[in-house]
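Enquirer: Submitted below is the structure of interest, expressed as C-alpha cells.
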Amino acid sequence: MLYVFENLIKTTIVCSLGICLLLFLKRYLFKKFSKRFNYYIWLIIVFRMLLFLFNYTIVYEVKEPKENALGNNITQIDISTDNNLMLYVAYLWLFVTIVIAVYTFIKYTRFKNLVVDVSYDIEDNDINCIYKNLLKELNIKKKIELRGSDELISPAGMGLFKSYIFLPDYSYSKSELTWILKHELMHFKNKDILIKFLVLSVRIIYWFNPLVYVMSNRVNLDCDYVVMKVLFIIVHLMTKKNMHWHLLNQLN
C-alpha cells in the first residue's frame, strides 16, 4: 500500500508541474497550433496520472564517512514512525477515493437511467433521415441511438458503451437540426466521451489536487473548441460552395 501511495504522491507532484507548464505553453506558445493539438496534448498528462503505478526511480549510492553512523541509526528509528503515518494517510486517501468513485457511479447511473427511461422514439421521418445521412457523412459505424427527451433543456450525447443522443422537444428548422446533430455526433467521432471518462477517473483518484480540477475544466473547454472549429470550417466551405454556384448560375 505504501508503494502505491508513494508512487501516487510522486506522480501528482510531477504532473502538477506538467499542468502548470502546459497551461503556460498553451497561453503563450501553443495558441499558434491547432485546436485539436491543444486538446489532445492533455492526454499525455492524463495517461501519466492514470499509470501512476508504473514509476521509475534513479538509484545512486553515496558513500558517507563513518562519523555519520550514529546519525544514520537515529534516522532509521524515525523511519518506522513516518511509515506508520504515511500508511494512515494512504488508507485515508483510498477510503475517500472509493467513496467518491461509488458516489459518482451511482449518481451518473441514476441520472442516465432516468433520462433513458423517460425518453421516447423520434418518429419524425425528416429528423431520422437527417440523422442517418449525418452518420454516413461522418463515417460513424458505432450504434448511437437518437431519442427525444422532455427532461433535458439542451441536446446531449451520453453513454460510453451504449450511446445515445437526446433531442429536446423543440421546433427546429432543418438547418438548425443538422448542425445540432452534427455537433453531438462530432463528440462521439472524436472519442470525447471516452476522454471525459478518463479525465473523470483522474479527478476521482487525485481528488486532493486542485490543479486536476483546473485541467478538467480546460479539457472540457478545449473539447468544445475543437468541435466548433470543425463546424466553422464546414460552414465556411459550404458558404464558399454556395457562392460559387450562385455566381455560375448568374453567368449562365
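Residues in the C-alpha cells are numbered from 1 in each chain, the chains being A, B, ... in the order shown, and ligands are numbered from 1 in the order shown.
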Hey, what's within 9 Å of A:Val212 if we count only C-alpha atoms and toss same-chain stuff fewer than 5 positions away? As a PyMOL selection string, please?

Expert: chain A and resi 16+19+199+202-203+206-207+217

Enquirer: Out of A:Val102, A:Ile9, A:Leu146, A:Ala156, which residue has the shortest atom-to-atom distance to A:Asn128 when counting only C-alpha atoms?

Expert: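 Smallest distance to A:Asn128 is found for A:Leu146.
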
Enquirer: One decimal, Å: what's the distance from atom CA of A:Glu176 over to atom CA of A:Asn139, could you say?

Expert: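 Going from atom CA of A:Glu176 over to atom CA of A:Asn139, I get 20.8 Å.
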
Enquirer: According to DSSP computed on the backbone, where in stretch 72-209 of chain A is there strand (DSSP E)? Give the residues as a ChimeraX atom specification.

Expert: /A:120-121,144-149,156-158,163-168

Enquirer: When DSSP is applied to the backbone of this structure, which of stretch 77-218 of chain A are assigned helix (DSSP H, G or I)? Write them out as number ranges by chain.

Expert: A: 77-118, 125-137, 174-189, 192-205, 210-218

Enquirer: Using only C-alpha atoms, which residues sit within 9 Å of A:Thr178 once same-chain residues fewer than 5 positions away are excluded, as a PyMOL selection string?

Expert: chain A and resi 127+130-131+134+173+183

Enquirer: Would you pick out the contacts of stretch 152-154 of chain A at 9 Å or less, using only C-alpha atoms, so that residues sharing its chain but fewer than 2 positions from it are not included, and give the list as a PyMOL selection string?

Expert: chain A and resi 115+149-150+156+166-169

Enquirer: Contacts of stretch 43-49 of chain A at 8 Å or less, counting only C-alpha atoms, minus same-chain residues fewer than 2 places along, as a PDB file with all heavy atoms, in the first residue's frame?

Expert:
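In the end it all went to part07.pdb:
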```pdb
ATOM      1  N   THR A  11       3.817  11.044  -8.603  1.00  0.00           N
ATOM      2  CA  THR A  11       3.149  11.365  -9.873  1.00  0.00           C
ATOM      3  C   THR A  11       2.401  12.682  -9.788  1.00  0.00           C
ATOM      4  O   THR A  11       2.423  13.480 -10.731  1.00  0.00           O
ATOM      5  CB  THR A  11       2.176  10.234 -10.257  1.00  0.00           C
ATOM      6  OG1 THR A  11       2.887   9.002 -10.335  1.00  0.00           O
ATOM      7  CG2 THR A  11       1.515  10.517 -11.596  1.00  0.00           C
ATOM      8  N   THR A  12       1.719  12.917  -8.668  1.00  0.00           N
ATOM      9  CA  THR A  12       0.937  14.159  -8.566  1.00  0.00           C
ATOM     10  C   THR A  12       1.845  15.385  -8.517  1.00  0.00           C
ATOM     11  O   THR A  12       1.493  16.450  -9.043  1.00  0.00           O
ATOM     12  CB  THR A  12       0.013  14.116  -7.337  1.00  0.00           C
ATOM     13  OG1 THR A  12      -0.975  15.149  -7.455  1.00  0.00           O
ATOM     14  CG2 THR A  12       0.754  14.323  -6.046  1.00  0.00           C
ATOM     15  N   CYS A  15       3.228  15.700 -12.254  1.00  0.00           N
ATOM     16  CA  CYS A  15       2.156  16.088 -13.189  1.00  0.00           C
ATOM     17  C   CYS A  15       1.575  17.462 -12.854  1.00  0.00           C
ATOM     18  O   CYS A  15       1.071  18.140 -13.752  1.00  0.00           O
ATOM     19  CB  CYS A  15       1.055  15.028 -13.199  1.00  0.00           C
ATOM     20  SG  CYS A  15       1.579  13.485 -13.983  1.00  0.00           S
ATOM     21  N   GLY A  18       3.725  19.586 -14.614  1.00  0.00           N
ATOM     22  CA  GLY A  18       3.388  19.452 -16.029  1.00  0.00           C
ATOM     23  C   GLY A  18       2.148  20.241 -16.408  1.00  0.00           C
ATOM     24  O   GLY A  18       2.101  20.851 -17.490  1.00  0.00           O
ATOM     25  N   ILE A  19       1.138  20.235 -15.548  1.00  0.00           N
ATOM     26  CA  ILE A  19      -0.085  21.007 -15.815  1.00  0.00           C
ATOM     27  C   ILE A  19       0.229  22.501 -15.871  1.00  0.00           C
ATOM     28  O   ILE A  19      -0.225  23.214 -16.777  1.00  0.00           O
ATOM     29  CB  ILE A  19      -1.149  20.714 -14.736  1.00  0.00           C
ATOM     30  CG1 ILE A  19      -1.651  19.272 -14.857  1.00  0.00           C
ATOM     31  CG2 ILE A  19      -2.326  21.681 -14.860  1.00  0.00           C
ATOM     32  CD1 ILE A  19      -2.548  18.834 -13.708  1.00  0.00           C
ATOM     33  N   TYR A  40      -5.702  17.426 -27.562  1.00  0.00           N
ATOM     34  CA  TYR A  40      -5.175  16.080 -27.351  1.00  0.00           C
ATOM     35  C   TYR A  40      -3.860  16.051 -26.578  1.00  0.00           C
ATOM     36  O   TYR A  40      -3.483  14.989 -26.062  1.00  0.00           O
ATOM     37  CB  TYR A  40      -5.010  15.363 -28.693  1.00  0.00           C
ATOM     38  CG  TYR A  40      -6.322  14.965 -29.313  1.00  0.00           C
ATOM     39  CD1 TYR A  40      -6.757  15.496 -30.514  1.00  0.00           C
ATOM     40  CD2 TYR A  40      -7.153  14.050 -28.664  1.00  0.00           C
ATOM     41  CE1 TYR A  40      -7.970  15.145 -31.071  1.00  0.00           C
ATOM     42  CE2 TYR A  40      -8.377  13.683 -29.215  1.00  0.00           C
ATOM     43  CZ  TYR A  40      -8.768  14.234 -30.420  1.00  0.00           C
ATOM     44  OH  TYR A  40      -9.980  13.877 -30.954  1.00  0.00           O
ATOM     45  N   ILE A  41      -3.178  17.185 -26.475  1.00  0.00           N
ATOM     46  CA  ILE A  41      -1.925  17.178 -25.726  1.00  0.00           C
ATOM     47  C   ILE A  41      -2.164  16.946 -24.234  1.00  0.00           C
ATOM     48  O   ILE A  41      -1.273  16.496 -23.505  1.00  0.00           O
ATOM     49  CB  ILE A  41      -1.136  18.493 -25.961  1.00  0.00           C
ATOM     50  CG1 ILE A  41       0.312  18.301 -25.537  1.00  0.00           C
ATOM     51  CG2 ILE A  41      -1.787  19.658 -25.209  1.00  0.00           C
ATOM     52  CD1 ILE A  41       1.222  19.427 -25.927  1.00  0.00           C
ATOM     53  N   LEU A  51      -1.472   6.046 -14.981  1.00  0.00           N
ATOM     54  CA  LEU A  51      -0.485   4.965 -14.888  1.00  0.00           C
ATOM     55  C   LEU A  51       0.542   5.262 -13.793  1.00  0.00           C
ATOM     56  O   LEU A  51       1.740   5.030 -13.967  1.00  0.00           O
ATOM     57  CB  LEU A  51       0.209   4.782 -16.239  1.00  0.00           C
ATOM     58  CG  LEU A  51      -0.714   4.425 -17.411  1.00  0.00           C
ATOM     59  CD1 LEU A  51       0.065   4.398 -18.713  1.00  0.00           C
ATOM     60  CD2 LEU A  51      -1.390   3.084 -17.173  1.00  0.00           C
ATOM     61  N   PHE A  52       0.053   5.763 -12.664  1.00  0.00           N
ATOM     62  CA  PHE A  52       0.974   6.168 -11.604  1.00  0.00           C
ATOM     63  C   PHE A  52       1.695   4.981 -10.941  1.00  0.00           C
ATOM     64  O   PHE A  52       2.717   5.156 -10.288  1.00  0.00           O
ATOM     65  CB  PHE A  52       0.225   6.967 -10.528  1.00  0.00           C
ATOM     66  CG  PHE A  52      -0.816   6.184  -9.774  1.00  0.00           C
ATOM     67  CD1 PHE A  52      -0.500   5.533  -8.601  1.00  0.00           C
ATOM     68  CD2 PHE A  52      -2.114   6.108 -10.248  1.00  0.00           C
ATOM     69  CE1 PHE A  52      -1.460   4.818  -7.901  1.00  0.00           C
ATOM     70  CE2 PHE A  52      -3.081   5.395  -9.568  1.00  0.00           C
ATOM     71  CZ  PHE A  52      -2.749   4.738  -8.392  1.00  0.00           C
ATOM     72  N   LEU A 198     -11.912   9.357 -18.883  1.00  0.00           N
ATOM     73  CA  LEU A 198     -10.542   9.250 -18.366  1.00  0.00           C
ATOM     74  C   LEU A 198     -10.210  10.422 -17.449  1.00  0.00           C
ATOM     75  O   LEU A 198      -9.592  10.240 -16.391  1.00  0.00           O
ATOM     76  CB  LEU A 198      -9.556   9.194 -19.534  1.00  0.00           C
ATOM     77  CG  LEU A 198      -9.641   7.969 -20.453  1.00  0.00           C
ATOM     78  CD1 LEU A 198      -8.651   8.113 -21.614  1.00  0.00           C
ATOM     79  CD2 LEU A 198      -9.375   6.683 -19.682  1.00  0.00           C
ATOM     80  N   VAL A 199     -10.617  11.629 -17.852  1.00  0.00           N
ATOM     81  CA  VAL A 199     -10.367  12.811 -17.017  1.00  0.00           C
ATOM     82  C   VAL A 199     -11.130  12.707 -15.703  1.00  0.00           C
ATOM     83  O   VAL A 199     -10.620  13.069 -14.635  1.00  0.00           O
ATOM     84  CB  VAL A 199     -10.751  14.095 -17.779  1.00  0.00           C
ATOM     85  CG1 VAL A 199     -10.645  15.317 -16.867  1.00  0.00           C
ATOM     86  CG2 VAL A 199      -9.859  14.280 -19.002  1.00  0.00           C
ATOM     87  N   VAL A 202      -9.243  10.543 -13.401  1.00  0.00           N
ATOM     88  CA  VAL A 202      -8.124  11.281 -12.802  1.00  0.00           C
ATOM     89  C   VAL A 202      -8.628  12.154 -11.653  1.00  0.00           C
ATOM     90  O   VAL A 202      -7.996  12.221 -10.587  1.00  0.00           O
ATOM     91  CB  VAL A 202      -7.412  12.142 -13.864  1.00  0.00           C
ATOM     92  CG1 VAL A 202      -6.392  13.077 -13.217  1.00  0.00           C
ATOM     93  CG2 VAL A 202      -6.720  11.252 -14.889  1.00  0.00           C
TER      94      VAL A 202
END
```

Enquirer: Rounded to one decimal in Å, what is the spacing between atom CA of A:Ser201 and atom CA of A:Met1?

Expert: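 Between atom CA of A:Ser201 and atom CA of A:Met1 the gap is 19.6 Å.
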
Enquirer: Smallest atom-to-atom distance to A:Arg218: which of A:Lys191, A:Lys26, A:Arg147, A:Lys10, using only C-alpha atoms?

Expert: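 Of all the options, A:Lys26 lies closest to A:Arg218.
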